[in-house]
Structure formats: structure tokens, C-alpha cells
Amino acid sequence: MYQMQYWVELQALKAHVNYLELYQLRYENIERWIGILLAVASSASIGSWALWKDLALLWSVLIMLTQIISVVYKFLPFKSRLKPLSTAGIELSVLADDAEKGWYDVAQGELTEKEINEKRFTIRKRKSAIMKSAFGGIVLPENSALMQKAEEQMHKYFKSHYPELNHE
């Protein structure tokens with residue numbers, strides 16, 4: 001029973017690592033596309049203004065909007081989440097590797113049920129400490145589509161690395 005609980009904890013940790021990585025990639029893509037959009041809109045507006053002076057009002061409005069977006073963009077919540085996502089992702093990945101390494105002793109039956117349970121709760125405690133340290137008071141909204149993808153990646157990982165185990 002405790003072996004299975006450790007296995008479930010290991011899988012949940014791996015899924016969480018994947019989730020944070022996917023979240024970080026999503027935010028980095030958003031940041032990149034906003035930057036590209038602002039650069040293109042601003043440059044195109046200035047260039048177009050010079051070519052079509054009769055639409056000067058339209059181009060000045062576009063320039064004004066790109067300036068407003070570039071100021072507001074700095075205060076959007078995803079900007080403040082990028083660094084904690086990266087930090088927590090790296091630290092949780094190291095924890096997941098340590099937990100996976102510990103799986104050997106658990107799977108081989110070299111530990112008592114009490115020792116397995118202690119190892120499992122040590123993993124949980126370290127995971128909580130990592131998340132608290134990285135995010136502090138920052139809230140990461142739940143994204144069910146990313147979580148589903150993270151779980152799929154986790155299942156694929158464990159099927160390829162532990163084919164002898166029953167993967168449901």
C-alpha cells in the first residue's frame with residue numbers, strides 16, 4: 001500500500017513539474033507575441049503615417065494604442081509569474097529526480113512502510129517549501145488544459161521509463 005502511495009506521489013510531482021514548464025512556455029509565448037505585435041504595430045504605424053498622410057489620424061491612434069498597450073503590458077500578471085515559474089520548475093525537477101531515485105529503494109522493498117511514508121511526506125514538505133519560496137503570495141490560476149497535457153506527458157514518461165509497471 002505505501003509503495004503505491006509513494007508511486008502516486010512521484011507521478012503527481014512529475015505532472016506538477018510538467019505543468020509548471022508548460023505554464024512557463026505559455027507565458028513566454030504570450031510575452032513574445034505581445035512584444036512582436038507592439039514592435040510591428042508601432043513601426044508599421046510610423047512608416048504608414050509617412051506614406052499616407054491623409055490617414056494621419058488613424059496612424060496616430062494606432063501609435064497611441066501601442067504606447068498604451070506597452071505601458072499596461074508591464075503590469076499584466078503573467079509578467080510577475082515568469083520568474084517564479086522558472087525557479088519553482090527547476091527546483092521541483094531536481095526534487096522529482098531525487099524522488100525517482102528514491103523509488104528504487106521503495107520498489108525493492110528495502111524500506112519499511114513507516115520509512116516509505118516518511119519519504120513520501122518529506123517529498124510533499126519539500127514541494128510545498130519550493131512553491132512557497134518561489135511564489136510567495138503570487139497566485140497561479142489553474143489551467144485545466146495545461147494540467148491535462150502535463151499529466152499526459154507524465155504518463156508517457158513513466159510508460160517509457162517503467163514499462164514493467166501497470167500504468168492506468
# chains A, B, ... in the order shown; residues from 1 in each chain; ligands from 1
>>> residues_around(residues="Gly35 of chain A", least_positions_apart="6", cutoff="12 Å", atoms="only C-alpha atoms", output="list in words")
Glu28, Asn29, Ala41, Ser42, Thr66, Gln67, Ile69, Ser70, Val71, Tyr73 and Lys74 of chain A
>>> write_last_selection(atoms="N, CA and C atoms", output="short mmCIF file (atom, residue, chain, number, x, y, z; two decimals), in the first residue's frame")
data_model
loop_
_atom_site.label_atom_id
_atom_site.label_comp_id
_atom_site.auth_asym_id
_atom_site.auth_seq_id
_atom_site.Cartn_x
_atom_site.Cartn_y
_atom_site.Cartn_z
N GLU A 28 5.80 32.68 -21.70
CA GLU A 28 6.89 33.19 -22.55
C GLU A 28 6.39 33.46 -23.96
N ASN A 29 5.53 32.59 -24.47
CA ASN A 29 4.95 32.80 -25.81
C ASN A 29 4.06 34.04 -25.85
N ALA A 41 3.35 46.84 -34.90
CA ALA A 41 2.31 47.88 -34.96
C ALA A 41 2.92 49.27 -34.87
N SER A 42 3.85 49.43 -33.97
CA SER A 42 4.48 50.74 -33.80
C SER A 42 5.28 51.13 -35.05
N THR A 66 -0.58 51.47 -29.25
CA THR A 66 0.60 50.65 -28.99
C THR A 66 1.35 51.16 -27.77
N GLN A 67 1.38 52.47 -27.58
CA GLN A 67 2.03 53.03 -26.39
C GLN A 67 1.28 52.66 -25.12
N ILE A 69 -0.68 50.05 -24.72
CA ILE A 69 -0.51 48.61 -24.51
C ILE A 69 0.88 48.33 -23.94
N SER A 70 1.90 49.00 -24.44
CA SER A 70 3.25 48.74 -23.94
C SER A 70 3.41 49.15 -22.48
N VAL A 71 2.69 50.17 -22.04
CA VAL A 71 2.73 50.56 -20.62
C VAL A 71 1.94 49.56 -19.78
N TYR A 73 1.11 46.52 -20.49
CA TYR A 73 1.74 45.20 -20.63
C TYR A 73 2.74 44.93 -19.51
N LYS A 74 3.43 45.95 -19.05
CA LYS A 74 4.41 45.78 -17.98
C LYS A 74 3.76 45.39 -16.66
#
>>> residues_around(residues="Val139 of chain A", least_positions_apart="6", cutoff="12 Å", atoms="only C-alpha atoms", output="PDB file with C-alpha atoms, in the first residue's frame")
ATOM      1  CA  PRO A  77       0.062  39.481 -14.017  1.00  0.00           C
ATOM      2  CA  PHE A  78       1.810  36.950 -16.232  1.00  0.00           C
ATOM      3  CA  SER A  80       5.319  38.687 -12.425  1.00  0.00           C
ATOM      4  CA  ARG A  81       4.788  34.914 -12.681  1.00  0.00           C
ATOM      5  CA  LEU A  82       7.547  34.127 -15.174  1.00  0.00           C
ATOM      6  CA  PRO A  84       8.746  32.143 -10.032  1.00  0.00           C
ATOM      7  CA  LEU A  85       7.620  29.609 -12.650  1.00  0.00           C
ATOM      8  CA  MET A 131       6.311  26.533  -4.129  1.00  0.00           C
ATOM      9  CA  LYS A 132       6.027  28.898  -1.164  1.00  0.00           C
TER      10      LYS A 132
END
>>> closest_residue(among="A:Leu111, A:Val106, A:Leu58, A:Met147", to="Met4 of chain A", atoms="only C-alpha atoms")
A:Val106
>>> closest_atom_pairs(of="segment 90-130 of chain A", to="segment 6-18 of chain A", cutoff="9 Å", atoms="only C-alpha atoms", output="JSON lines")
{"residue": "A:Ile90", "atom": "CA", "partner": "A:Val17", "partner_atom": "CA", "distance": 8.2}
{"residue": "A:Leu92", "atom": "CA", "partner": "A:Val17", "partner_atom": "CA", "distance": 6.0}
{"residue": "A:Ser93", "atom": "CA", "partner": "A:Val17", "partner_atom": "CA", "distance": 5.9}
{"residue": "A:Leu95", "atom": "CA", "partner": "A:Leu13", "partner_atom": "CA", "distance": 8.4}
{"residue": "A:Ala96", "atom": "CA", "partner": "A:Lys14", "partner_atom": "CA", "distance": 6.1}
{"residue": "A:Asp97", "atom": "CA", "partner": "A:Lys14", "partner_atom": "CA", "distance": 8.9}
{"residue": "A:Ala99", "atom": "CA", "partner": "A:Leu10", "partner_atom": "CA", "distance": 6.4}
{"residue": "A:Glu100", "atom": "CA", "partner": "A:Leu10", "partner_atom": "CA", "distance": 6.7}
{"residue": "A:Trp103", "atom": "CA", "partner": "A:Trp7", "partner_atom": "CA", "distance": 7.5}
{"residue": "A:Val106", "atom": "CA", "partner": "A:Tyr6", "partner_atom": "CA", "distance": 7.8}
{"residue": "A:Ala107", "atom": "CA", "partner": "A:Trp7", "partner_atom": "CA", "distance": 8.9}
{"residue": "A:Ile116", "atom": "CA", "partner": "A:Tyr6", "partner_atom": "CA", "distance": 7.0}
{"residue": "A:Asn117", "atom": "CA", "partner": "A:Tyr6", "partner_atom": "CA", "distance": 7.4}
{"residue": "A:Lys119", "atom": "CA", "partner": "A:Tyr6", "partner_atom": "CA", "distance": 8.0}
{"residue": "A:Arg120", "atom": "CA", "partner": "A:Tyr6", "partner_atom": "CA", "distance": 5.6}
{"residue": "A:Ile123", "atom": "CA", "partner": "A:Glu9", "partner_atom": "CA", "distance": 8.1}
{"residue": "A:Arg124", "atom": "CA", "partner": "A:Glu9", "partner_atom": "CA", "distance": 8.1}
{"residue": "A:Lys127", "atom": "CA", "partner": "A:Leu13", "partner_atom": "CA", "distance": 8.1}
>>> write_last_selection(atoms="C-alpha atoms", output="PDB file, in the first residue's frame")
ATOM      1  CA  ILE A  90      13.881  23.893 -11.834  1.00  0.00           C
ATOM      2  CA  LEU A  92      10.775  20.781  -8.459  1.00  0.00           C
ATOM      3  CA  SER A  93      12.541  18.999 -11.305  1.00  0.00           C
ATOM      4  CA  LEU A  95      13.108  17.136  -6.303  1.00  0.00           C
ATOM      5  CA  ALA A  96      11.377  14.845  -8.818  1.00  0.00           C
ATOM      6  CA  ASP A  97      14.737  13.355  -9.801  1.00  0.00           C
ATOM      7  CA  ALA A  99      12.137  11.194  -5.537  1.00  0.00           C
ATOM      8  CA  GLU A 100      12.522   8.982  -8.596  1.00  0.00           C
ATOM      9  CA  TRP A 103      11.745   4.887  -5.879  1.00  0.00           C
ATOM     10  CA  VAL A 106      10.799   1.732  -2.213  1.00  0.00           C
ATOM     11  CA  ALA A 107      10.178  -0.643  -5.126  1.00  0.00           C
ATOM     12  CA  ILE A 116       8.242   4.871   2.840  1.00  0.00           C
ATOM     13  CA  ASN A 117       5.557   7.046   4.407  1.00  0.00           C
ATOM     14  CA  LYS A 119       9.928   9.654   2.451  1.00  0.00           C
ATOM     15  CA  ARG A 120       6.584  10.471   0.839  1.00  0.00           C
ATOM     16  CA  ILE A 123       8.715  14.969  -0.723  1.00  0.00           C
ATOM     17  CA  ARG A 124       5.427  16.777  -0.032  1.00  0.00           C
ATOM     18  CA  LYS A 127       7.436  20.558  -2.691  1.00  0.00           C
TER      19      LYS A 127
END
>>> closest_residue(among="A:Gly102, A:Pro141, A:Gly136, A:Gly109", to="Thr122 of chain A", atoms="only C-alpha atoms")
A:Gly102
